[in-house]
Amino acid sequence: MRHNSVVELKDLIVVPNIADRLKMPVKTDKVLGLHKDAWCEFHQAFGHPINSCLALGHQLDELVKSGFLNDYLAGSSGAEALTTSAEDQAHEMPIHREIHTISGGFSGGGCTASQRKRYVRSIMSMAEQVVDDSLDVDLTFTKVDLPDVVPHDNDPVVISVVIAGRKVHRVLVDQGSSADVMFWPTFNKLQLSPDQLRPYTGCLYGFARDQVEVHGYLELRTTFTDGSTSRTENIRYLVVNAHSAYNMLLGRPTLNRLGGVIHTPYEVEAAQS
């Protein structure tokens with residue numbers, strides 16, 4: 001609620017002359033919000049507390065404006081406005097499913113729990129011994145990086161790379177992906193042989209946690225260039241059978257290998273040379 005009441009809201013909404021002026025919501029078994037253990041007496045449902053109930057707050061606001069609730073408000077001139085958090089503002093929407101980033105692949109050491117544990121142990125031991133001098137390199141963005149770019153545009157960062165003597169356009173740089181992904185149509189257009197694919201026993205999950213069919217993986221020399229400088233790396237791609245508006249996705253493994261930093265308003269990637 002946006003106002004301080006002299007009585008608790010759960011008691012206020014059952015006052016006969018107030019209850020008659022409230023439009024009660026339809027009862028539901030769905031969880032209406034992020035707080036699964038919180039109970040709203042107005043909705044008669046879990047998901048948010050009654051003090052954060054937007055539907056009730058909007059109706060009580062109208063009653064306050066009409067002066068009907070003056071006797072129930074703290075303070076002589078009405079109510080003190082309260083700030084509603086963004087988390088509470090979402091409570092009216094039932095939660096049907098959760099949306100995640102792309103997960104799986106070789107990020108984190110491997111597909112099995114034992115592989116990931118070995119990877120973590122090796123990283124922890126290496127961190128005590130190795131100092132990465134590349135972290136001392138400053139990556140900056142200047143006006144030189146702005147030709148033909150509209151600043152503050154919300155377009156994703158899409159680049160072109162060279163693979164197997166062919167320039168591949170529409171490559172999405174996706175910081176939310178734990179894998180470097182090549183889509184099956186792109187694999188065919190590159191005229192690569194299925195015999196080059198190595199078996200992949202793990203799982204790759206999409207944004208809705210749905211499992212994506214993986215044909216296998218392969219390593220390809222991939223060249224990144226801005227026309228004046230270039231850098232070539234062996235990138236391990238998971239080849240998947242899925243529809244996409246892009247030819248490939250470059251995720252965190254490649255960004256970390258390149259030491260890359262994304263600046264979306266500039267629509268560019270800066271990488272250590």
# chains A, B, ... in the order shown; residues from 1 in each chain; ligands from 1

call {"tool": "select_by_dssp", "arguments": {"residues": "region 143-253 of chain A", "states": "strand (DSSP E or B)", "output": "MDAnalysis selection string"}}
result
chainID A and resid 158:163 166:173 181:183 198 204:205 211:212 214:225 230:240 248:250

call {"tool": "atom_distance", "arguments": {"atom1": "CA of Ile163 (chain A)", "atom2": "CA of Thr140 (chain A)"}}
result
27.6 Å

call {"tool": "residues_around", "arguments": {"residues": "Leu172 (chain A)", "least_positions_apart": "3", "cutoff": "10 Å", "atoms": "only C-alpha atoms", "output": "VMD selection string"}}
result
chain A and resid 156 to 160 169 175 181 245 to 251

call {"tool": "write_last_selection", "arguments": {"atoms": "N, CA and C atoms", "output": "PDB file, in the first residue's frame"}}
result
ATOM      1  N   PRO A 156      22.193  -5.614 -30.703  1.00  0.00           N
ATOM      2  CA  PRO A 156      23.232  -6.492 -30.158  1.00  0.00           C
ATOM      3  C   PRO A 156      24.540  -6.311 -30.905  1.00  0.00           C
ATOM      4  N   VAL A 157      25.609  -6.832 -30.330  1.00  0.00           N
ATOM      5  CA  VAL A 157      26.914  -6.777 -30.976  1.00  0.00           C
ATOM      6  C   VAL A 157      27.030  -7.982 -31.905  1.00  0.00           C
ATOM      7  N   VAL A 158      27.022  -7.722 -33.210  1.00  0.00           N
ATOM      8  CA  VAL A 158      27.098  -8.766 -34.230  1.00  0.00           C
ATOM      9  C   VAL A 158      28.326  -8.492 -35.084  1.00  0.00           C
ATOM     10  N   ILE A 159      29.179  -9.503 -35.248  1.00  0.00           N
ATOM     11  CA  ILE A 159      30.435  -9.322 -35.969  1.00  0.00           C
ATOM     12  C   ILE A 159      30.544 -10.331 -37.100  1.00  0.00           C
ATOM     13  N   SER A 160      31.631 -10.241 -37.836  1.00  0.00           N
ATOM     14  CA  SER A 160      31.962 -11.213 -38.878  1.00  0.00           C
ATOM     15  C   SER A 160      33.323 -11.822 -38.551  1.00  0.00           C
ATOM     16  N   HIS A 169      29.228 -14.019 -41.674  1.00  0.00           N
ATOM     17  CA  HIS A 169      28.566 -12.834 -41.128  1.00  0.00           C
ATOM     18  C   HIS A 169      27.537 -13.244 -40.070  1.00  0.00           C
ATOM     19  N   GLN A 175      27.423 -12.633 -24.240  1.00  0.00           N
ATOM     20  CA  GLN A 175      28.056 -12.806 -22.940  1.00  0.00           C
ATOM     21  C   GLN A 175      27.258 -13.728 -22.030  1.00  0.00           C
ATOM     22  N   VAL A 181      28.807 -21.576 -30.148  1.00  0.00           N
ATOM     23  CA  VAL A 181      27.833 -22.405 -30.852  1.00  0.00           C
ATOM     24  C   VAL A 181      27.853 -22.116 -32.340  1.00  0.00           C
ATOM     25  N   ALA A 245      18.473 -16.697 -35.847  1.00  0.00           N
ATOM     26  CA  ALA A 245      18.653 -15.604 -36.800  1.00  0.00           C
ATOM     27  C   ALA A 245      20.125 -15.351 -37.071  1.00  0.00           C
ATOM     28  N   TYR A 246      21.012 -16.041 -36.321  1.00  0.00           N
ATOM     29  CA  TYR A 246      22.446 -15.838 -36.460  1.00  0.00           C
ATOM     30  C   TYR A 246      23.107 -17.120 -36.967  1.00  0.00           C
ATOM     31  N   ASN A 247      24.294 -16.964 -37.519  1.00  0.00           N
ATOM     32  CA  ASN A 247      25.043 -18.115 -38.001  1.00  0.00           C
ATOM     33  C   ASN A 247      25.790 -18.827 -36.875  1.00  0.00           C
ATOM     34  N   MET A 248      26.279 -18.021 -35.937  1.00  0.00           N
ATOM     35  CA  MET A 248      27.014 -18.591 -34.810  1.00  0.00           C
ATOM     36  C   MET A 248      26.820 -17.703 -33.586  1.00  0.00           C
ATOM     37  N   LEU A 249      27.097 -18.278 -32.414  1.00  0.00           N
ATOM     38  CA  LEU A 249      27.137 -17.524 -31.164  1.00  0.00           C
ATOM     39  C   LEU A 249      28.533 -17.660 -30.574  1.00  0.00           C
ATOM     40  N   LEU A 250      29.139 -16.551 -30.238  1.00  0.00           N
ATOM     41  CA  LEU A 250      30.415 -16.566 -29.531  1.00  0.00           C
ATOM     42  C   LEU A 250      30.140 -16.185 -28.091  1.00  0.00           C
ATOM     43  N   GLY A 251      30.380 -17.129 -27.179  1.00  0.00           N
ATOM     44  CA  GLY A 251      30.075 -16.909 -25.775  1.00  0.00           C
ATOM     45  C   GLY A 251      31.286 -16.552 -24.948  1.00  0.00           C
TER      46      GLY A 251
END

call {"tool": "atom_distance", "arguments": {"atom1": "CA of Tyr205 (chain A)", "atom2": "CA of Gly47 (chain A)"}}
result
27.6 Å

call {"tool": "closest_residue", "arguments": {"among": "A:Asp11, A:Asp180, A:Asp61, A:Asp29", "to": "Tyr217 (chain A)", "atoms": "only C-alpha atoms"}}
result
A:Asp180

call {"tool": "closest_residue", "arguments": {"among": "A:Thr142, A:Ser66, A:Thr28, A:Thr225", "to": "Phe46 (chain A)", "atoms": "only C-alpha atoms"}}
result
A:Thr28

call {"tool": "atom_distance", "arguments": {"atom1": "CA of Ile262 (chain A)", "atom2": "CA of Leu218 (chain A)"}}
result
25.5 Å
